[in-house]
$ cat model_5.tsv   # TSV, C-alpha atoms and all ligand atoms
chain	number	residue	atom	x	y	z
A	1	MET	CA	0.00	0.00	0.00
A	2	ARG	CA	1.43	3.31	-1.11
A	3	ILE	CA	0.54	6.30	1.08
A	4	GLU	CA	1.33	9.73	-0.39
A	5	GLN	CA	1.09	13.23	0.99
A	6	PRO	CA	-1.43	15.23	-1.09
A	7	THR	CA	1.07	17.35	-3.02
A	8	ASP	CA	0.07	18.88	-6.37
A	9	GLU	CA	2.06	16.15	-8.04
A	10	ALA	CA	0.39	13.32	-6.10
A	11	LEU	CA	-3.06	14.86	-6.76
A	12	LYS	CA	-2.31	15.05	-10.47
A	13	GLU	CA	-1.26	11.40	-10.55
A	14	ALA	CA	-4.30	10.34	-8.50
A	15	ALA	CA	-6.66	12.26	-10.82
A	16	ALA	CA	-5.11	10.61	-13.88
A	17	ALA	CA	-5.48	7.22	-12.19
A	18	ILE	CA	-9.18	7.91	-11.51
A	19	ARG	CA	-9.71	8.84	-15.17
A	20	ALA	CA	-7.90	5.63	-16.16
A	21	GLY	CA	-10.37	3.57	-14.11
A	22	ARG	CA	-8.12	2.84	-11.13
A	23	LEU	CA	-8.87	3.07	-7.42
A	24	ILE	CA	-7.54	5.70	-4.99
A	25	GLY	CA	-7.68	5.80	-1.21
A	26	MET	CA	-9.41	9.14	-0.56
A	27	PRO	CA	-9.74	10.96	2.74
A	28	THR	CA	-13.05	12.59	3.60
A	29	GLU	CA	-14.20	14.31	6.79
A	30	THR	CA	-16.09	11.14	7.83
A	31	VAL	CA	-13.94	8.11	6.91
A	32	TYR	CA	-11.51	7.13	4.14
A	33	GLY	CA	-13.12	5.84	0.95
A	34	VAL	CA	-12.17	3.71	-2.06
A	35	ALA	CA	-12.49	6.36	-4.76
A	36	ALA	CA	-13.29	5.52	-8.38
A	37	ASP	CA	-14.81	7.19	-11.43
A	38	ALA	CA	-18.53	6.77	-10.70
A	39	SER	CA	-19.29	7.02	-14.41
A	40	ASN	CA	-17.04	4.06	-15.29
A	41	PRO	CA	-18.77	0.68	-14.73
A	42	GLU	CA	-15.48	-1.25	-14.72
A	43	ALA	CA	-13.93	1.01	-12.10
A	44	VAL	CA	-17.07	0.66	-9.99
A	45	LEU	CA	-16.98	-3.14	-10.25
A	46	ALA	CA	-13.31	-3.11	-9.21
A	47	THR	CA	-14.41	-1.17	-6.10
A	48	PHE	CA	-16.80	-3.93	-5.05
A	49	GLU	CA	-14.11	-6.51	-5.64
A	50	ALA	CA	-11.50	-4.62	-3.59
A	51	LYS	CA	-13.87	-4.54	-0.63
A	52	GLY	CA	-15.28	-8.04	-1.03
A	53	ARG	CA	-18.63	-6.28	-1.06
A	54	PRO	CA	-21.76	-7.70	-2.67
A	55	ALA	CA	-22.65	-5.79	-5.83
A	56	GLU	CA	-26.22	-5.23	-4.59
A	57	ASN	CA	-25.02	-2.54	-2.17
A	58	PRO	CA	-25.03	0.84	-3.97
A	59	LEU	CA	-22.25	3.44	-3.71
A	60	ILE	CA	-22.28	7.08	-2.64
A	61	VAL	CA	-21.22	9.48	-5.40
A	62	HIS	CA	-19.08	12.41	-4.26
A	63	VAL	CA	-19.28	15.71	-6.11
A	64	ALA	CA	-17.99	19.25	-5.58
A	65	SER	CA	-21.23	21.26	-5.57
A	66	ILE	CA	-25.02	21.25	-5.73
A	67	GLU	CA	-24.70	22.04	-9.43
A	68	ASP	CA	-22.61	18.90	-9.99
A	69	ALA	CA	-25.12	16.86	-7.99
A	70	ARG	CA	-27.94	18.13	-10.23
A	71	ARG	CA	-26.22	16.57	-13.24
A	72	LEU	CA	-26.50	13.11	-11.67
A	73	VAL	CA	-30.16	13.23	-10.66
A	74	SER	CA	-33.52	13.48	-12.40
A	75	GLY	CA	-35.19	15.42	-9.60
A	76	PHE	CA	-34.27	17.45	-6.53
A	77	PRO	CA	-37.22	18.06	-4.16
A	78	ALA	CA	-37.25	21.46	-2.43
A	79	TYR	CA	-36.67	19.95	1.01
A	80	ALA	CA	-33.63	18.05	-0.33
A	81	LEU	CA	-32.22	21.25	-1.76
A	82	THR	CA	-32.63	22.85	1.66
A	83	LEU	CA	-30.70	19.96	3.23
A	84	ALA	CA	-27.96	20.29	0.61
A	85	GLU	CA	-27.69	24.02	1.20
A	86	MET	CA	-27.57	23.53	4.96
A	87	TYR	CA	-25.13	20.63	5.14
A	88	TRP	CA	-22.90	20.60	2.04
A	89	PRO	CA	-20.00	20.32	2.09
A	90	GLY	CA	-20.52	17.92	4.96
A	91	PRO	CA	-21.47	14.46	6.26
A	92	MET	CA	-24.93	14.41	4.67
A	93	THR	CA	-25.78	11.99	1.85
A	94	LEU	CA	-28.98	12.53	-0.13
A	95	VAL	CA	-30.68	9.67	-1.99
A	96	LEU	CA	-32.36	11.16	-5.07
A	97	PRO	CA	-33.94	9.86	-8.29
A	98	LYS	CA	-31.11	8.81	-10.58
A	99	GLY	CA	-30.30	10.51	-13.86
A	100	PRO	CA	-29.28	8.56	-16.99
A	101	GLN	CA	-25.60	9.56	-16.61
A	102	VAL	CA	-25.11	7.28	-13.63
A	103	PRO	CA	-24.45	3.68	-14.66
A	104	PRO	CA	-26.54	0.95	-12.99
A	105	GLU	CA	-23.38	-0.63	-11.51
A	106	THR	CA	-22.89	2.44	-9.28
A	107	THR	CA	-26.41	2.30	-7.85
A	108	ALA	CA	-26.64	-1.51	-7.79
A	109	GLY	CA	-29.47	-1.31	-10.30
A	110	LEU	CA	-31.57	1.08	-8.21
A	111	GLU	CA	-33.44	3.99	-9.77
A	112	THR	CA	-31.98	6.26	-7.10
A	113	VAL	CA	-28.49	7.61	-6.52
A	114	ALA	CA	-26.83	8.66	-3.25
A	115	VAL	CA	-24.80	11.89	-3.51
A	116	ARG	CA	-22.84	14.12	-1.19
A	117	VAL	CA	-20.29	16.94	-1.21
A	118	PRO	CA	-17.50	15.92	1.19
A	119	ASP	CA	-15.97	18.51	3.51
A	120	HIS	CA	-12.34	17.63	2.97
A	121	PRO	CA	-9.91	19.67	0.87
A	122	VAL	CA	-8.13	16.60	-0.54
A	123	ALA	CA	-11.40	14.95	-1.63
A	124	LEU	CA	-12.57	18.20	-3.24
A	125	ARG	CA	-9.25	18.62	-5.02
A	126	LEU	CA	-9.40	15.04	-6.34
A	127	ILE	CA	-12.95	15.57	-7.64
A	128	ALA	CA	-11.93	18.81	-9.34
A	129	ALA	CA	-8.67	17.50	-10.79
A	130	SER	CA	-10.24	14.31	-12.17
A	131	GLY	CA	-13.32	16.10	-13.51
A	132	ARG	CA	-15.38	13.03	-12.60
A	133	PRO	CA	-18.07	12.23	-10.06
A	134	ILE	CA	-16.33	9.96	-7.56
A	135	SER	CA	-17.92	6.92	-6.01
A	136	ALA	CA	-16.43	6.04	-2.64
A	137	PRO	CA	-17.56	3.40	-0.20
A	138	SER	CA	-15.67	3.24	3.09
A	139	ALA	CA	-12.20	1.75	2.56
A	140	ASN	CA	-12.68	-1.39	4.64
A	141	ARG	CA	-13.38	-5.03	3.80
A	142	PHE	CA	-17.13	-5.71	3.68
A	143	MET	CA	-18.56	-5.72	7.26
A	144	GLY	CA	-15.29	-4.38	8.68
A	145	LEU	CA	-14.49	-1.21	10.56
A	146	SER	CA	-14.12	1.96	8.44
A	147	PRO	CA	-10.65	3.55	8.50
A	148	THR	CA	-10.32	7.10	9.82
A	149	SER	CA	-6.62	7.41	8.98
A	150	ALA	CA	-4.54	6.25	5.99
A	151	GLU	CA	-2.71	3.77	8.24
A	152	ASP	CA	-5.97	2.13	9.32
A	153	ILE	CA	-6.75	0.97	5.76
A	154	GLU	CA	-6.31	-2.80	5.80
A	155	PRO	CA	-3.56	-4.05	3.47
A	156	SER	CA	-6.00	-6.37	1.68
A	157	VAL	CA	-7.92	-3.28	0.54
A	158	GLY	CA	-4.91	-0.96	0.35
A	159	ASP	CA	-3.08	-3.27	-2.03
A	160	ARG	CA	-5.87	-2.82	-4.59
A	161	LEU	CA	-5.42	0.95	-4.58
A	162	HIS	CA	-3.18	2.83	-6.98
A	163	MET	CA	-2.30	5.02	-3.98
A	164	VAL	CA	-3.75	6.41	-0.78
A	165	LEU	CA	-3.81	10.19	-0.43
A	166	ASP	CA	-2.99	10.98	3.18
A	167	GLY	CA	-5.45	13.55	4.46
A	168	GLY	CA	-4.72	13.03	8.15
A	169	ARG	CA	-7.26	11.92	10.72
A	170	CYS	CA	-10.92	12.18	9.67
A	171	ARG	CA	-12.59	14.92	11.69
A	172	VAL	CA	-16.12	13.46	11.99
A	173	GLY	CA	-14.98	9.86	12.40
A	174	ILE	CA	-18.17	7.96	11.51
A	175	GLU	CA	-19.96	7.62	8.17
A	176	SER	CA	-22.30	10.27	6.77
A	177	THR	CA	-26.00	10.54	7.52
A	178	VAL	CA	-27.92	8.93	4.61
A	179	VAL	CA	-31.31	10.49	3.90
A	180	ASP	CA	-33.83	9.14	1.40
A	181	CYS	CA	-35.22	12.13	-0.51
A	182	THR	CA	-37.47	10.29	-2.94
A	183	GLY	CA	-40.70	10.64	-0.97
A	184	ASP	CA	-42.83	13.51	0.34
A	185	ARG	CA	-40.43	14.06	3.21
A	186	PRO	CA	-36.92	13.05	4.18
A	187	LEU	CA	-36.34	9.66	5.76
A	188	VAL	CA	-33.12	8.85	7.59
A	189	LEU	CA	-31.70	5.53	6.32
A	190	ARG	CA	-28.43	5.73	8.26
A	191	PRO	CA	-27.98	8.14	11.18
A	192	GLY	CA	-24.79	10.19	11.28
A	193	MET	CA	-23.34	13.19	13.04
A	194	ALA	CA	-25.33	15.54	10.81
A	195	ALA	CA	-28.51	14.96	12.75
A	196	ILE	CA	-31.77	16.03	11.20
A	197	ALA	CA	-35.11	15.90	12.89
A	198	THR	CA	-37.03	13.42	10.75
A	199	GLU	CA	-38.33	9.94	11.17
A	200	ALA	CA	-35.89	7.09	10.75
A	201	ALA	CA	-36.63	4.23	8.36
A	202	ALA	CA	-38.57	1.46	10.03
A	203	PRO	CA	-37.31	-2.05	9.22
A	204	SER	CA	-38.76	-3.20	5.88
A	205	ASP	CA	-39.84	0.36	5.11
A	206	ARG	CA	-37.93	2.28	2.40
A	207	ARG	CA	-34.74	0.45	3.28
A	208	SER	CA	-31.18	0.98	2.30
A	209	PRO	CA	-29.66	-2.16	0.81
A	210	GLY	CA	-26.62	-1.58	3.04
A	211	MET	CA	-28.54	-1.85	6.32
A	212	TYR	CA	-27.19	-5.18	7.50
A	213	PRO	CA	-27.66	-5.89	11.22
A	214	ARG	CA	-23.97	-6.70	11.59
A	215	HIS	CA	-21.59	-4.13	10.17
A	216	TYR	CA	-18.76	-1.83	11.20
A	217	SER	CA	-17.19	-4.62	13.23
A	218	PRO	CA	-13.72	-5.08	14.66
A	219	ARG	CA	-12.22	-8.59	14.51
A	220	SER	CA	-12.47	-9.23	18.22
A	221	PRO	CA	-16.12	-9.52	19.26
A	222	LEU	CA	-17.51	-6.27	20.62
A	223	ARG	CA	-19.98	-6.08	23.49
A	224	ILE	CA	-21.75	-3.07	25.01
A	225	VAL	CA	-21.70	-3.23	28.83
A	226	GLU	CA	-22.71	-1.08	31.79
A	227	SER	CA	-19.12	-0.72	33.01
A	228	LEU	CA	-15.71	-2.32	32.47
A	229	GLY	CA	-14.12	-4.67	34.98
A	230	ALA	CA	-10.52	-4.15	36.12
A	231	ARG	CA	-9.10	-6.66	33.59
A	232	ASP	CA	-11.35	-5.93	30.61
A	233	ALA	CA	-10.11	-4.41	27.34
A	234	GLY	CA	-12.25	-1.73	25.80
A	235	ILE	CA	-13.63	1.78	25.78
A	236	THR	CA	-14.59	3.63	28.91
A	237	LEU	CA	-15.84	7.11	29.77
A	238	LYS	CA	-14.15	6.92	33.17
A	239	VAL	CA	-10.59	6.59	34.41
A	240	PRO	CA	-8.96	3.52	32.74
A	241	GLN	CA	-8.03	0.64	35.05
A	242	ASN	CA	-5.41	-0.98	32.77
A	243	PRO	CA	-3.47	-0.17	29.56
A	244	LEU	CA	-6.05	-1.89	27.35
A	245	GLN	CA	-8.78	0.46	28.48
A	246	ILE	CA	-9.07	3.69	26.53
A	247	ARG	CA	-11.02	6.66	27.76
A	248	LEU	CA	-13.09	8.50	25.17
A	249	PRO	CA	-14.58	11.99	25.62
A	250	SER	CA	-18.02	12.17	27.21
A	251	GLU	CA	-19.27	14.52	24.50
A	252	PRO	CA	-20.65	12.85	21.34
A	253	VAL	CA	-18.90	14.86	18.59
A	254	ALA	CA	-15.46	14.28	20.12
A	255	TYR	CA	-16.36	10.65	20.95
A	256	ALA	CA	-17.40	9.88	17.35
A	257	SER	CA	-14.25	11.47	16.03
A	258	GLU	CA	-12.09	9.01	18.02
A	259	LEU	CA	-14.32	5.90	18.07
A	260	TYR	CA	-13.09	3.94	15.02
A	261	ALA	CA	-9.43	4.86	15.53
A	262	THR	CA	-9.72	3.54	19.10
A	263	LEU	CA	-11.44	0.33	17.97
A	264	HIS	CA	-8.72	-0.20	15.33
A	265	LEU	CA	-6.09	0.28	18.02
A	266	LEU	CA	-7.73	-2.13	20.46
A	267	ASP	CA	-8.34	-4.64	17.67
A	268	ARG	CA	-4.62	-4.72	16.85
A	269	CYS	CA	-3.98	-5.95	20.42
A	270	LYS	CA	-6.27	-8.93	19.67
A	271	PRO	CA	-8.14	-9.00	22.99
A	272	PRO	CA	-10.61	-11.91	23.40
A	273	GLU	CA	-13.37	-9.31	23.53
A	274	ILE	CA	-13.67	-5.53	23.22
A	275	LEU	CA	-16.08	-4.11	25.78
A	276	VAL	CA	-17.63	-0.72	25.28
A	277	GLU	CA	-19.15	1.09	28.22
A	278	ALA	CA	-22.67	2.18	27.27
A	279	PRO	CA	-22.62	5.91	26.40
A	280	PRO	CA	-25.55	8.22	27.24
A	281	THR	CA	-28.80	7.45	25.42
A	282	SER	CA	-29.78	11.01	24.49
A	283	GLN	CA	-30.56	11.86	20.85
A	284	ASP	CA	-27.13	13.38	20.15
A	285	TRP	CA	-25.60	9.92	20.72
A	286	ALA	CA	-27.98	8.13	18.31
A	287	ALA	CA	-25.50	7.70	15.43
A	288	ILE	CA	-22.86	6.36	17.83
A	289	TRP	CA	-25.36	3.87	19.29
A	290	ASP	CA	-26.25	2.78	15.75
A	291	ARG	CA	-22.61	1.93	14.98
A	292	LEU	CA	-21.97	0.28	18.37
A	293	ARG	CA	-25.06	-1.92	18.05
A	294	LYS	CA	-24.05	-2.95	14.53
A	295	ALA	CA	-20.49	-3.66	15.65
A	296	GLN	CA	-21.99	-5.85	18.37
A	297	GLY	CA	-24.17	-7.55	15.76
A	298	SER	CA	-27.52	-6.65	17.31
B	1	LIG	O1	-19.29	8.96	5.10
B	1	LIG	C1	-19.57	8.23	4.14
B	1	LIG	O2	-20.72	8.15	3.69
B	1	LIG	C2	-18.43	7.42	3.54
B	1	LIG	C3	-17.44	8.37	2.89
B	1	LIG	C4	-16.32	7.68	2.15
B	1	LIG	O3	-18.12	9.26	2.05
B	1	LIG	N1	-18.94	6.46	2.59
B	1	LIG	C5	-19.66	5.37	2.97
B	1	LIG	O4	-20.02	4.56	1.93
B	1	LIG	O5	-19.95	5.14	4.14
B	1	LIG	P1	-20.55	3.08	2.14
B	1	LIG	O6	-20.63	2.52	0.78
B	1	LIG	O7	-19.68	2.37	3.10
B	1	LIG	O8	-21.99	3.27	2.70
B	1	LIG	C6	-22.98	3.84	1.86
B	1	LIG	C7	-24.36	3.58	2.40
B	1	LIG	C8	-24.71	2.11	2.32
B	1	LIG	O9	-25.43	1.75	3.47
B	1	LIG	C9	-25.59	2.06	1.07
B	1	LIG	O10	-26.49	1.00	1.08
B	1	LIG	C10	-26.30	3.40	1.14
B	1	LIG	O11	-25.30	4.29	1.61
B	1	LIG	N2	-26.74	3.81	-0.21
B	1	LIG	C11	-25.98	4.14	-1.27
B	1	LIG	N3	-26.74	4.41	-2.34
B	1	LIG	C12	-28.03	4.25	-1.96
B	1	LIG	C13	-29.29	4.36	-2.61
B	1	LIG	N4	-29.38	4.69	-3.90
B	1	LIG	N5	-30.40	4.11	-1.89
B	1	LIG	C14	-30.33	3.77	-0.59
B	1	LIG	N6	-29.17	3.64	0.09
B	1	LIG	C15	-28.03	3.87	-0.58
B	2	MG	MG	-19.13	1.18	4.73
$ encode --input "model_5.tsv" --output "structure tokens"
Amino acid sequence: MRIEQPTDEALKEAAAAIRAGRLIGMPTETVYGVAADASNPEAVLATFEAKGRPAENPLIVHVASIEDARRLVSGFPAYALTLAEMYWPGPMTLVLPKGPQVPPETTAGLETVAVRVPDHPVALRLIAASGRPISAPSANRFMGLSPTSAEDIEPSVGDRLHMVLDGGRCRVGIESTVVDCTGDRPLVLRPGMAAIATEAAAPSDRRSPGMYPRHYSPRSPLRIVESLGARDAGITLKVPQNPLQIRLPSEPVAYASELYATLHLLDRCKPPEILVEAPPTSQDWAAIWDRLRKAQGS
């Protein structure tokens, strides 16, 4: 795996690689993604293969502006435009009716396409330099933990990438909020740190194909508990009792920003189990609870 600082030269090479149908490790403000030319079916199929991901799970297309997003969709409801204006660039993905420019491989055959404008200078520079809409699922093996630094990209995925652009630690730290904008009102398919006050998708309702009960998992089994015992490995909100306990901030934005990096770190120590002390249950922790429950497999 080749990790490069995002110099003008590296960006130019990465953009040429995207246009040539290759894959690039791209930093965003949420997590690192496997970037490809979203308009190139072969590049998109290579993305699925690199992740070991079933081809029925559609990709998010990353663009630089609302104008660019408009070119990929066949409709943009007023409420969705409001969301885009409020949150872009940022961790907010809008699912909209697909335009004919987007190949079916990118959307896994769906008539909708997920789009967002990432809030990361390196991602925006790569989009601009390549002149292509960029599909980017999280840069982990299917069901694995998303990387929030270049070093946390697993070699099995990293080795499929032409290069990884090093954009430092991801600020948000968990994946974007995904909002279905194809109905009368917005419906949250995947909660994220851009929290909007709408109903969440009920199981079997307008579902996202990527909503598997188990997801975002470290290799060691993860369990949510009331509190950690003196010998346990895991995440606490209190004073750690041994070196394999890591204290995370008791405020959700800072907690989310460090969560995956901490799980990657603990996972590398191969503990029999990773225990996570239950965080508060208030609404501002909802996206974190979503990821913890999925990591636990419940
Ligand atoms: O923060 C993020 O969203 C990161 C960064 C790299 O942008 N990307 C990411 O992509 O998390 P991925 O592929 O790991 O997750 C995308 C989610 C999946 O749950 C997928 O099913 C859903 O978005 N999705 C994509 N297109 C969709 C569509 N047309 N309709 C419904 N859900 C869709
Ligand atoms: Mg993912």
$ closest_residue --input "model_5.tsv" --among "A:Arg132, A:Arg70, A:Arg231, A:Arg291" --to "ligand LIG 1 (chain B)" --atoms "all atoms listed in the file"
A:Arg291
$ atom_distance --input "model_5.tsv" --atom1 "CA of Pro91 (chain A)" --atom2 "CA of Thr177 (chain A)"
6.1 Å
$ residues_near_ligand --input "model_5.tsv" --ligand "ligand MG 2 (chain B)" --cutoff "9 Å" --atoms "all atoms listed in the file" --output "ChimeraX atom specification"
/A:31,33,137-146,175,210,215-216
$ closest_residue --input "model_5.tsv" --among "A:Pro252, A:Ala14, A:Val239, A:Ser176" --to "Gln283 (chain A)" --atoms "all atoms listed in the file"
A:Pro252
$ closest_residue --input "model_5.tsv" --among "A:Leu161, A:Asn40, A:Ile224, A:Ile196" --to "Trp289 (chain A)" --atoms "all atoms listed in the file"
A:Ile224
$ atom_distance --input "model_5.tsv" --atom1 "CA of Ala20 (chain A)" --atom2 "atom O7 of ligand LIG 1 (chain B)"
22.8 Å
$ residues_around --input "model_5.tsv" --residues "Arg125 (chain A)" --least-positions-apart "4" --cutoff "10 Å" --atoms "only C-alpha atoms" --output "PyMOL selection string"
chain A and resi 6+8+11-12+15+64+120-121+129-131
$ closest_residue --input "model_5.tsv" --among "A:Thr30, A:Ser250, A:Gln101, A:Ser220" --to "Leu237 (chain A)" --atoms "all atoms listed in the file"
A:Ser250
$ axis_aligned_box --input "model_5.tsv" --around "ligand LIG 1 (chain B)" --padding-each-side "5 Å" --output "AutoDock Vina command-line options"
--center_x -23.4 --center_y 5.1 --center_z 0.6 --size_x 24.1 --size_y 18.3 --size_z 19.0
$ closest_residue --input "model_5.tsv" --among "A:Val95, A:Leu244, A:Cys269, A:Val102" --to "ligand LIG 1 (chain B)" --atoms "only C-alpha atoms and all ligand atoms"
A:Val95
$ atom_distance --input "model_5.tsv" --atom1 "CA of Gly21 (chain A)" --atom2 "CA of Ala108 (chain A)"
18.2 Å
$ closest_residue --input "model_5.tsv" --among "A:Arg190, A:Arg171, A:Arg185, A:Arg2" --to "ligand LIG 1 (chain B)" --atoms "all atoms listed in the file"
A:Arg190
$ residues_around --input "model_5.tsv" --residues "Glu67 (chain A)" --least-positions-apart "2" --cutoff "12 Å" --atoms "only C-alpha atoms" --output "VMD selection string"
chain A and resid 63 to 65 69 to 73 76 81 84 to 85 88 115 to 117 133
$ residues_around --input "model_5.tsv" --residues "Ala278 (chain A)" --least-positions-apart "2" --cutoff "10 Å" --atoms "all atoms listed in the file" --output "list of chain:residue names"
A:Arg223, A:Ile224, A:Val225, A:Glu226, A:Ser227, A:Leu228, A:Ile235, A:Thr236, A:Leu237, A:Leu275, A:Val276, A:Pro280, A:Thr281, A:Trp289, A:Leu292
